[in-house]
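This report refers to the structure that appears directly beneath it.
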Amino acid sequence: MDGLCDLIQTRAPTARRPLLGLTVLIVEDSRFASEAVRLMCLRSGARIRRADSLENARRHLAVYRPTVLLVDVGLPDGSGLALIEMLAKATPRIEVILGISGEAAVEADVLAAGADGFLEKPLGRLAQFQSAILAQLPADRQPPVPRLLQEDVLVPDPVALHDDLVQISAILNDPANRDRLAYVTQFLGGLARSAKDRKLGHAVSALEQSHKSGRNPAKEIATLLAMIDARLAARSPV
């Protein structure tokens, strides 16, 4: 570890940067959601790394032990609940384990798996993010003076949203991936909520309903692809 990293990790938290000295690993397949967390860590003083799947998370954790772990429930290669359950029982335990999802209904499952808390997407509320982490840390890891509550809502770079849409478009355009529609609707539904894109959210819901009912979802897929293509063609993805 270089001198700068040593300095960052040993500096005490402050009122303005209450997460100084902490390292965060986010396990999240959405670049848009991950970018929001990166911005919040930057503002809070924490260092951050990202894994976009369960497999990559295990690779990170084999060589790197974060202070804080954020795990998305819906990942491309399985449920984040399994990772939470495994790490909640590990010794030594990661100090703070939080589950994240765009579906509030999974909070009970996240806590039952052993997580310390839950954050609902869209992520971006700085004070909420800081409080969720600080609430799980002992008194000697808290800022020495009252924390300045920053009610900022941080908006990720649209480039990250563009990349997420490209990823989903590639899946939907490949007939071999049609068995991944449950993952697509989960991912894209969360993305639509984070981007506050209601029209995209309605199209995702229509595809989800068609898929669950057992109907041929070709029409809904075509509609969704047209909307994604329109966003990708625009100067701004949304």
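Simple scheme: letters A, B, ... for chains in structure tokens order, numbers from 1 for residues in each chain, numbers from 1 for ligands in the order shown.
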Taking the DSSP secondary structure from the backbone, can you list the residues of region 21-209 of chain A that are helix (DSSP H, G or I), as a CSV table (one decimal) with C-alpha atoms, in the first residue's frame?
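Written output follows (states18.csv):
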chain,number,residue,atom,x,y,z
A,31,ARG,CA,-22.6,1.3,-13.1
A,32,PHE,CA,-25.1,4.0,-12.5
A,33,ALA,CA,-25.9,2.8,-8.9
A,34,SER,CA,-22.2,2.2,-8.3
A,35,GLU,CA,-21.3,5.7,-9.5
A,36,ALA,CA,-23.7,7.2,-7.0
A,37,VAL,CA,-22.0,5.3,-4.2
A,38,ARG,CA,-18.6,6.4,-5.4
A,39,LEU,CA,-19.6,10.0,-5.3
A,40,MET,CA,-21.0,9.6,-1.7
A,41,CYS,CA,-17.8,7.9,-0.6
A,42,LEU,CA,-15.7,10.7,-2.2
A,43,ARG,CA,-17.7,13.3,-0.3
A,44,SER,CA,-17.5,11.3,2.9
A,54,LEU,CA,-20.6,-12.6,-6.9
A,55,GLU,CA,-17.6,-14.2,-8.6
A,56,ASN,CA,-15.7,-10.9,-8.7
A,57,ALA,CA,-16.7,-10.1,-5.2
A,58,ARG,CA,-15.1,-13.4,-4.0
A,59,ARG,CA,-11.9,-12.5,-5.9
A,60,HIS,CA,-11.8,-9.1,-4.2
A,61,LEU,CA,-12.4,-10.6,-0.8
A,62,ALA,CA,-9.7,-13.2,-1.2
A,63,VAL,CA,-7.1,-10.4,-1.1
A,80,GLY,CA,-26.5,-11.3,-3.0
A,81,LEU,CA,-28.3,-12.8,0.0
A,82,ALA,CA,-26.0,-15.9,-0.2
A,83,LEU,CA,-22.9,-13.6,-0.1
A,84,ILE,CA,-24.4,-11.7,2.9
A,85,GLU,CA,-25.2,-14.9,4.8
A,86,MET,CA,-21.7,-16.3,4.2
A,87,LEU,CA,-19.8,-13.1,5.2
A,88,ALA,CA,-22.1,-12.4,8.2
A,104,ALA,CA,-38.1,-2.5,-0.4
A,105,ALA,CA,-39.9,-5.8,0.2
A,106,VAL,CA,-36.6,-7.7,0.3
A,107,GLU,CA,-35.4,-5.8,3.4
A,108,ALA,CA,-36.6,-8.5,5.7
A,109,ASP,CA,-34.7,-11.1,3.7
A,110,VAL,CA,-31.5,-9.0,3.8
A,111,LEU,CA,-31.7,-8.7,7.6
A,112,ALA,CA,-32.5,-12.4,8.0
A,126,LEU,CA,-25.6,11.6,1.3
A,127,ALA,CA,-26.9,12.0,4.9
A,128,GLN,CA,-28.8,8.7,4.7
A,129,PHE,CA,-25.8,6.8,3.3
A,130,GLN,CA,-23.4,8.2,6.0
A,131,SER,CA,-25.9,7.5,8.8
A,132,ALA,CA,-26.5,3.8,7.7
A,133,ILE,CA,-22.8,3.2,8.0
A,134,LEU,CA,-22.0,5.2,11.2
A,139,ALA,CA,-18.2,5.2,19.5
A,140,ASP,CA,-14.4,5.4,18.8
A,141,ARG,CA,-15.0,5.2,15.1
A,158,PRO,CA,-25.1,10.0,-17.4
A,159,VAL,CA,-22.3,8.0,-19.0
A,160,ALA,CA,-22.7,5.4,-16.4
A,161,LEU,CA,-26.4,5.1,-17.2
A,162,HIS,CA,-25.6,4.9,-20.9
A,163,ASP,CA,-23.3,1.9,-20.2
A,164,ASP,CA,-26.0,0.1,-18.2
A,165,LEU,CA,-28.5,0.5,-21.1
A,166,VAL,CA,-25.9,-0.8,-23.6
A,167,GLN,CA,-25.4,-3.9,-21.4
A,168,ILE,CA,-29.1,-4.6,-21.2
A,169,SER,CA,-29.7,-3.9,-24.9
A,170,ALA,CA,-27.1,-6.6,-25.7
A,171,ILE,CA,-28.9,-9.1,-23.5
A,172,LEU,CA,-32.3,-8.4,-25.0
A,173,ASN,CA,-31.0,-8.5,-28.6
A,175,PRO,CA,-32.2,-14.7,-28.3
A,176,ALA,CA,-29.9,-17.0,-26.4
A,177,ASN,CA,-30.3,-14.8,-23.4
A,178,ARG,CA,-34.1,-14.9,-23.2
A,179,ASP,CA,-33.9,-17.1,-20.1
A,180,ARG,CA,-32.4,-14.1,-18.3
A,181,LEU,CA,-35.6,-12.0,-18.5
A,182,ALA,CA,-36.1,-12.1,-14.8
A,183,TYR,CA,-32.7,-10.6,-14.3
A,184,VAL,CA,-33.3,-8.0,-17.0
A,185,THR,CA,-36.5,-6.8,-15.5
A,186,GLN,CA,-35.0,-6.6,-12.0
A,187,PHE,CA,-31.9,-4.7,-13.2
A,188,LEU,CA,-33.8,-2.4,-15.6
A,189,GLY,CA,-36.6,-1.7,-13.1
A,190,GLY,CA,-34.1,-0.5,-10.6
A,191,LEU,CA,-32.3,1.6,-13.2
A,192,ALA,CA,-35.5,3.2,-14.3
A,193,ARG,CA,-36.3,4.2,-10.7
A,194,SER,CA,-32.8,5.5,-10.1
A,195,ALA,CA,-33.0,7.6,-13.3
A,198,ARG,CA,-41.3,6.5,-15.6
A,199,LYS,CA,-41.9,5.5,-19.2
A,200,LEU,CA,-39.0,3.1,-19.1
A,201,GLY,CA,-40.3,1.7,-15.8
A,202,HIS,CA,-43.8,1.1,-17.3
A,203,ALA,CA,-42.2,-0.8,-20.2
A,204,VAL,CA,-40.2,-2.9,-17.8
A,205,SER,CA,-43.4,-3.7,-15.8
A,206,ALA,CA,-45.2,-4.7,-19.0
A,207,LEU,CA,-42.3,-7.1,-19.9
A,208,GLU,CA,-42.3,-8.5,-16.3
A,209,GLN,CA,-46.0,-9.2,-16.3
Would you kindly return, as a list in words, each protein, DNA or RNA residue with an atom no farther than 8 Å from any atom of Val153 (chain A), considering only C-alpha atoms and excluding same-chain residues fewer than 2 positions away?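 My reading of the contact set: Gly124, Arg125, Leu126, Glu151 and Val155 of chain A.
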Those same residues, written as a short mmCIF file (atom, residue, chain, number, x, y, z; two decimals), in the first residue's frame with N, CA and C atoms?
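Once written, out_21.cif looks like this:
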data_model
loop_
_atom_site.label_atom_id
_atom_site.label_comp_id
_atom_site.auth_asym_id
_atom_site.auth_seq_id
_atom_site.Cartn_x
_atom_site.Cartn_y
_atom_site.Cartn_z
N GLY A 124 -28.11 7.81 -3.30
CA GLY A 124 -27.66 9.16 -3.65
C GLY A 124 -27.85 10.17 -2.54
N ARG A 125 -28.65 9.82 -1.51
CA ARG A 125 -28.87 10.75 -0.40
C ARG A 125 -27.70 10.63 0.57
N LEU A 126 -26.88 11.65 0.61
CA LEU A 126 -25.62 11.59 1.32
C LEU A 126 -25.79 11.35 2.82
N GLU A 151 -27.67 17.21 3.28
CA GLU A 151 -28.85 16.61 2.66
C GLU A 151 -28.74 16.56 1.14
N VAL A 155 -26.08 13.06 -8.05
CA VAL A 155 -26.56 12.48 -9.31
C VAL A 155 -25.37 11.92 -10.08
#
Residues of region 85-199 of chain A in strand (DSSP E or B), written as a list of chain:residue names: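 Of region 85-199 of chain A, the ones in strand (DSSP E or B) are A:Val96, A:Ile97, A:Leu98, A:Gly99, A:Ile100, A:Ser101, A:Gly117, A:Phe118, A:Leu119, A:Glu120, A:Arg125, A:Val153.
The two atoms in question, CA of Glu95 (chain A) and CA of Gly21 (chain A), are spaced 12.9 Å apart.
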So that I can see what lies close to Gly99 (chain A), please list as a JSON list (two decimals) with N, CA and C atoms, in the first residue's frame the residues with an atom at most 6 Å from it, counting only C-alpha atoms and leaving out residues fewer than 3 positions away in the same chain.
[["chain", "number", "residue", "atom", "x", "y", "z"],
["A", 70, "LEU", "N", -21.27, -3.31, 0.78],
["A", 70, "LEU", "CA", -22.61, -3.06, 0.26],
["A", 70, "LEU", "C", -22.90, -4.11, -0.80],
["A", 71, "VAL", "N", -23.98, -4.85, -0.64],
["A", 71, "VAL", "CA", -24.29, -5.97, -1.55],
["A", 71, "VAL", "C", -25.66, -5.79, -2.16],
["A", 72, "ASP", "N", -25.71, -5.72, -3.49],
["A", 72, "ASP", "CA", -26.98, -5.71, -4.19],
["A", 72, "ASP", "C", -27.60, -7.11, -4.13],
["A", 110, "VAL", "N", -32.89, -9.49, 3.65],
["A", 110, "VAL", "CA", -31.52, -9.00, 3.82],
["A", 110, "VAL", "C", -31.11, -9.08, 5.29],
["A", 118, "PHE", "N", -30.10, -2.02, 5.66],
["A", 118, "PHE", "CA", -30.61, -2.08, 4.29],
["A", 118, "PHE", "C", -30.74, -0.67, 3.74]]
